[in-house]
Every structure is written in C-alpha cells, then in structure tokens.
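Enquirer: Take a look at this one; I'll ask things after.
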Amino acid sequence: TDRQSFRWFLNWTKVFNIEELHVMSVNTGSYFAQPTVVKEEALMAFSKIAKKEADLHIKTHFYRNASVLSGIQTFSKEESVDLIAIPNHEKHPLKRIFLGSTVETLVQVSPCPVLCINGT
C-alpha cells in the first residue's frame with residue numbers, strides 16, 4: 001500500500017515542478033522491526049519508482065532513532081524540509097488507544113506542512 005500512496009504522491013508533485021525528493025525510512029531498533037537489508041531494498045525500490053514515473057532527483061536516507069516520530073523530526077530539521085508526505089494506515093481502535101498515531105502526532109508537532117496520504 002505504501003507504493004500505491006507513493007505513486008499518488010509522485011503524480012501530485014508534478015504540478016509543483018519539484019527538483020529533488022528525499023525518501024526516508026526510520027529504524028527504531030525494536031525487536032519487531034524489519035531487518036536493515038529489507039528496509040534498504042525498499043528504499044531502492046521507491047527510488048526506482050520515482051525515477052521511472054517522475055524523473056526526479058532522489059536522495060534516500062536510512063535513519064536510526066528511538067521512534068519513527070523522532071526520526072522524522074530529526075531528519076526534517078537537518079534537511080530543512082518544506083513538506084512531509086506520509087502514508088496514513090488505519091489502525092484498529094484498540095491499537096490506536098494504546099499506541100497512538102505517529103501521523104497525528106507528527107501533524108501536531110511538525111514545523112512544516114504534513115501531507116497525509118490514505119494508505120489503506
């Protein structure tokens with residue numbers, strides 16, 4: 001579903017004539033996280049999609065941080081990001097109560113606009 005959301009985003013960006021796109025992944029180091037190799041392969045796959053469908057200059061980033069939210073915040077400050085685009089996956093209500101929503105919190109604390117893309 002993230003690839004579908006990414007393709008939608010690439011199509012949306014054509015209106016703005018952007019020159020550079022940063023694609024990032026955050027490794028939280030938790031027990032249930034995907035292996036680094038898998039995440040790096042996913043970054044390369046997204047990079048190929050962007051080059052093929054939008055012919056954009058792509059930079060990929062792999063961050064290690066305590067949480068996805070803090071990784072995105074650190075990255076956006078370091079790179080002076082103009083816009084954060086992130087897919088939003090619907091969670092079961094109980095999961096949302098106990099785990100919260102990274103996207104919702106990001107929208108509340110981000111110093112730049114956040115584009116939430118429905119990733120269901």
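A note on labels: chains of the structure tokens are A, B, ... as shown, every chain counts residues from 1, and ligands are counted from 1 in their shown order.
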Check which residues of stretch 58-114 of chain A sit at most 12 Å from stretch 14-21 of chain A using only C-alpha atoms, and return one row each with the closest pair of atoms and their distance in Å to one decimal, ordered by chain and rising number, as a tab-separated table.
Expert:
```
residue	atom	partner	partner_atom	distance
A:Ile58	CA	A:Leu21	CA	5.0
A:Lys59	CA	A:Leu21	CA	6.3
A:Thr60	CA	A:Leu21	CA	8.5
A:His61	CA	A:Leu21	CA	10.9
A:Glu79	CA	A:Leu21	CA	11.2
A:Val81	CA	A:Leu21	CA	10.0
A:Asp82	CA	A:Leu21	CA	10.6
A:Leu83	CA	A:Leu21	CA	10.2
A:Ile84	CA	A:Leu21	CA	10.5
A:Ala85	CA	A:Leu21	CA	10.6
```
Enquirer: Could you find all residues in stretch 50-95 of chain A that DSSP calls helix (DSSP H, G or I) from the backbone, and write them as an MDAnalysis selection string?
Expert: chainID A and resid 50:54 68:78 93:95
Enquirer: To one decimal place in Å, what is the distance between atom CA of A:Leu43 and atom CA of A:Thr28?
Expert: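 Computing it gives 15.9 Å between the two atoms.
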Enquirer: Find the residues around A:Ile117 up to 9 Å (only C-alpha atoms counted), leave out those fewer than 6 positions away in its own chain, and share them as a ChimeraX atom specification.
Expert: /A:5-6,8-9,85-89
Enquirer: If we count only C-alpha atoms and set the cut-off at 10 Å, which residues sit around A:Leu69, ignoring sequence neighbours fewer than 2 positions away in its own chain? Please answer as a PyMOL selection string.
Expert: chain A and resi 26+28+65-67+71-75+101-103+105-106+109-110
Enquirer: From a DSSP pass on the backbone, collect the residues of chain A flagged as strand (DSSP E or B) and hand them back as a PyMOL selection string.
Expert: chain A and resi 20-27+57-64+84-88+114-118
Enquirer: Separation of atom CA of A:Glu53 and atom CA of A:Pro111, in Å?
Expert: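 According to the coordinates, atom CA of A:Glu53 and atom CA of A:Pro111 are separated by 29.3 Å.
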Enquirer: Which of these residues is nearest to A:Met44, using only C-alpha atoms: A:Asn11, A:Glu78, A:Arg3, A:Ser70?
Expert: A:Arg3
Enquirer: Could you tell me which of A:Asp2, A:Lys51, A:Arg7, A:Arg64 comes closest to A:Thr36 if we count only C-alpha atoms?
Expert: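 Nearest to A:Thr36: A:Arg64.
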Enquirer: Looking at only C-alpha atoms, which of A:Met24, A:Ile49, A:Val37, A:Cys112 is the one that sits closest to A:Ser80?
Expert: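 The closest residue to A:Ser80 is A:Cys112.
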